[in-house]
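Report on the following structure.
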Amino acid sequence: MRAFGERIIVEKVLEDNKIGAVTASTEKVYDNTAVVISIGEEVISNLSVGDVIKLSDNSGMDMKYEGKNYLVIVKQNILAYI
C-alpha cells in the first residue's frame with residue numbers, strides 16, 4: 001500500500017481505556033496516536049515511515065486494507081511527533 005500525492009497513510013494505535021492507574025472498561029479505544037505507514041511523493045516534511053505522531057480530532061478518512069484499519073491524512077492533520 002502506498003500513499004499518493006500529498007497524502008499520508010497512518011495506522012492508529014489501540015490504547016487501553018485507562019484513567020490514571022484504573023481501567024475504565026475492558027474495551028480498547030483508539031487514541032489520536034498513530035504510526036506512519038506510507039508518505040506520498042508530494043509531502044515535503046522530515047516525516048519518516050515508522051514515526052509516531054499525534055493527530056487532530058476527526059482528521060482523515062478511514063480505510064480498511066487486508067483486515068487492518070488505516071487513516072489517510074494530510075500533513076496539516078499532524079499536531080506533534082512523539
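Residues in the C-alpha cells are numbered from 1 in each chain, the chains being A, B, ... in the order shown, and ligands are numbered from 1 in the order shown.
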So that I can check the surroundings of Lys75 of chain A, please list as a ChimeraX atom specification every protein, DNA and RNA residue that reaches within 12 Å of it, counting only C-alpha atoms and ignoring chain neighbours fewer than 5 positions away.
/A:5-10,36,39-40,42-47,53-56,59-60,80-81
Those selected residues, please, written with N, CA, C and O atoms and delivered as a PDB file, in the first residue's frame.
ATOM      1  N   GLY A   5       0.393  11.442  -3.825  1.00  0.00           N
ATOM      2  CA  GLY A   5       0.342  12.900  -3.780  1.00  0.00           C
ATOM      3  C   GLY A   5       0.707  13.476  -2.424  1.00  0.00           C
ATOM      4  O   GLY A   5       1.759  13.185  -1.869  1.00  0.00           O
ATOM      5  N   GLU A   6      -0.192  14.294  -1.878  1.00  0.00           N
ATOM      6  CA  GLU A   6       0.043  14.970  -0.597  1.00  0.00           C
ATOM      7  C   GLU A   6      -0.526  14.200   0.588  1.00  0.00           C
ATOM      8  O   GLU A   6      -0.681  14.758   1.668  1.00  0.00           O
ATOM      9  N   ARG A   7      -0.833  12.944   0.407  1.00  0.00           N
ATOM     10  CA  ARG A   7      -1.470  12.161   1.468  1.00  0.00           C
ATOM     11  C   ARG A   7      -0.457  11.333   2.246  1.00  0.00           C
ATOM     12  O   ARG A   7       0.605  10.977   1.751  1.00  0.00           O
ATOM     13  N   ILE A   8      -0.853  11.000   3.469  1.00  0.00           N
ATOM     14  CA  ILE A   8      -0.040  10.179   4.362  1.00  0.00           C
ATOM     15  C   ILE A   8      -0.949   9.091   4.908  1.00  0.00           C
ATOM     16  O   ILE A   8      -2.070   9.378   5.336  1.00  0.00           O
ATOM     17  N   ILE A   9      -0.499   7.846   4.891  1.00  0.00           N
ATOM     18  CA  ILE A   9      -1.274   6.740   5.453  1.00  0.00           C
ATOM     19  C   ILE A   9      -0.692   6.405   6.817  1.00  0.00           C
ATOM     20  O   ILE A   9       0.520   6.220   6.952  1.00  0.00           O
ATOM     21  N   VAL A  10      -1.571   6.355   7.824  1.00  0.00           N
ATOM     22  CA  VAL A  10      -1.153   6.031   9.187  1.00  0.00           C
ATOM     23  C   VAL A  10      -2.022   4.911   9.738  1.00  0.00           C
ATOM     24  O   VAL A  10      -3.133   4.683   9.271  1.00  0.00           O
ATOM     25  N   VAL A  36       3.182   6.200  11.208  1.00  0.00           N
ATOM     26  CA  VAL A  36       3.222   6.487   9.776  1.00  0.00           C
ATOM     27  C   VAL A  36       3.559   5.209   9.005  1.00  0.00           C
ATOM     28  O   VAL A  36       4.558   4.545   9.292  1.00  0.00           O
ATOM     29  N   ILE A  39       4.142   7.588   2.933  1.00  0.00           N
ATOM     30  CA  ILE A  39       4.143   9.036   2.707  1.00  0.00           C
ATOM     31  C   ILE A  39       4.105   9.294   1.207  1.00  0.00           C
ATOM     32  O   ILE A  39       4.921   8.740   0.455  1.00  0.00           O
ATOM     33  N   GLY A  40       3.165  10.135   0.772  1.00  0.00           N
ATOM     34  CA  GLY A  40       3.060  10.481  -0.645  1.00  0.00           C
ATOM     35  C   GLY A  40       4.271  11.246  -1.133  1.00  0.00           C
ATOM     36  O   GLY A  40       4.957  11.933  -0.361  1.00  0.00           O
ATOM     37  N   GLU A  42       4.564  13.932  -2.801  1.00  0.00           N
ATOM     38  CA  GLU A  42       4.491  15.390  -2.771  1.00  0.00           C
ATOM     39  C   GLU A  42       4.553  15.978  -1.357  1.00  0.00           C
ATOM     40  O   GLU A  42       4.493  17.194  -1.199  1.00  0.00           O
ATOM     41  N   VAL A  43       4.688  15.136  -0.340  1.00  0.00           N
ATOM     42  CA  VAL A  43       4.763  15.614   1.042  1.00  0.00           C
ATOM     43  C   VAL A  43       6.185  16.098   1.313  1.00  0.00           C
ATOM     44  O   VAL A  43       7.138  15.330   1.239  1.00  0.00           O
ATOM     45  N   ILE A  44       6.303  17.394   1.587  1.00  0.00           N
ATOM     46  CA  ILE A  44       7.607  17.975   1.916  1.00  0.00           C
ATOM     47  C   ILE A  44       7.669  18.105   3.430  1.00  0.00           C
ATOM     48  O   ILE A  44       7.003  18.941   4.028  1.00  0.00           O
ATOM     49  N   SER A  45       8.442  17.228   4.059  1.00  0.00           N
ATOM     50  CA  SER A  45       8.485  17.174   5.511  1.00  0.00           C
ATOM     51  C   SER A  45       9.661  16.307   5.940  1.00  0.00           C
ATOM     52  O   SER A  45      10.218  15.563   5.138  1.00  0.00           O
ATOM     53  N   ASN A  46      10.028  16.395   7.220  1.00  0.00           N
ATOM     54  CA  ASN A  46      11.048  15.495   7.754  1.00  0.00           C
ATOM     55  C   ASN A  46      10.394  14.243   8.343  1.00  0.00           C
ATOM     56  O   ASN A  46      10.999  13.522   9.103  1.00  0.00           O
ATOM     57  N   LEU A  47       9.168  13.979   7.968  1.00  0.00           N
ATOM     58  CA  LEU A  47       8.411  12.814   8.403  1.00  0.00           C
ATOM     59  C   LEU A  47       8.994  11.549   7.767  1.00  0.00           C
ATOM     60  O   LEU A  47       9.373  11.561   6.600  1.00  0.00           O
ATOM     61  N   ILE A  53       3.080   9.760  15.728  1.00  0.00           N
ATOM     62  CA  ILE A  53       2.575  11.129  15.698  1.00  0.00           C
ATOM     63  C   ILE A  53       1.259  11.245  16.454  1.00  0.00           C
ATOM     64  O   ILE A  53       0.603  10.243  16.742  1.00  0.00           O
ATOM     65  N   LYS A  54       0.898  12.479  16.792  1.00  0.00           N
ATOM     66  CA  LYS A  54      -0.413  12.792  17.367  1.00  0.00           C
ATOM     67  C   LYS A  54      -1.221  13.509  16.295  1.00  0.00           C
ATOM     68  O   LYS A  54      -0.706  14.400  15.613  1.00  0.00           O
ATOM     69  N   LEU A  55      -2.494  13.139  16.156  1.00  0.00           N
ATOM     70  CA  LEU A  55      -3.370  13.710  15.137  1.00  0.00           C
ATOM     71  C   LEU A  55      -4.426  14.601  15.757  1.00  0.00           C
ATOM     72  O   LEU A  55      -4.810  14.419  16.910  1.00  0.00           O
ATOM     73  N   SER A  56      -4.945  15.533  14.968  1.00  0.00           N
ATOM     74  CA  SER A  56      -6.077  16.337  15.413  1.00  0.00           C
ATOM     75  C   SER A  56      -7.333  15.463  15.420  1.00  0.00           C
ATOM     76  O   SER A  56      -7.395  14.444  14.727  1.00  0.00           O
ATOM     77  N   SER A  59      -9.712  13.712  12.126  1.00  0.00           N
ATOM     78  CA  SER A  59      -8.945  14.004  10.916  1.00  0.00           C
ATOM     79  C   SER A  59      -8.867  12.781  10.017  1.00  0.00           C
ATOM     80  O   SER A  59      -8.924  11.648  10.463  1.00  0.00           O
ATOM     81  N   GLY A  60      -8.757  13.034   8.730  1.00  0.00           N
ATOM     82  CA  GLY A  60      -8.531  11.978   7.761  1.00  0.00           C
ATOM     83  C   GLY A  60      -9.745  11.169   7.387  1.00  0.00           C
ATOM     84  O   GLY A  60     -10.863  11.441   7.793  1.00  0.00           O
ATOM     85  N   ALA A  80       1.778  16.755  16.459  1.00  0.00           N
ATOM     86  CA  ALA A  80       3.096  16.622  17.098  1.00  0.00           C
ATOM     87  C   ALA A  80       3.724  15.276  16.766  1.00  0.00           C
ATOM     88  O   ALA A  80       3.041  14.326  16.426  1.00  0.00           O
ATOM     89  N   TYR A  81       5.049  15.234  16.873  1.00  0.00           N
ATOM     90  CA  TYR A  81       5.806  13.987  16.805  1.00  0.00           C
ATOM     91  C   TYR A  81       6.007  13.506  18.238  1.00  0.00           C
ATOM     92  O   TYR A  81       6.200  14.300  19.131  1.00  0.00           O
TER      93      TYR A  81
END
Strand (DSSP E) residues, from DSSP on the backbone, in chain A, as a PyMOL selection string: chain A and resi 7-19+22-39+52-55+61-65+68-74+78-81
> Which is closest to Val13 of chain A among A:Met63, A:Ser48, A:Asn69, A:Gln76, if we use only C-alpha atoms?
Replying inline: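 Of all the options, A:Asn69 lies closest to Val13 of chain A.
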A:Lys68, A:Ser38, A:Asn32, A:Val74 ranked by distance to Asp51 of chain A, top pick (using only C-alpha atoms):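 Closest residue, counting only C-alpha atoms: A:Ser38.
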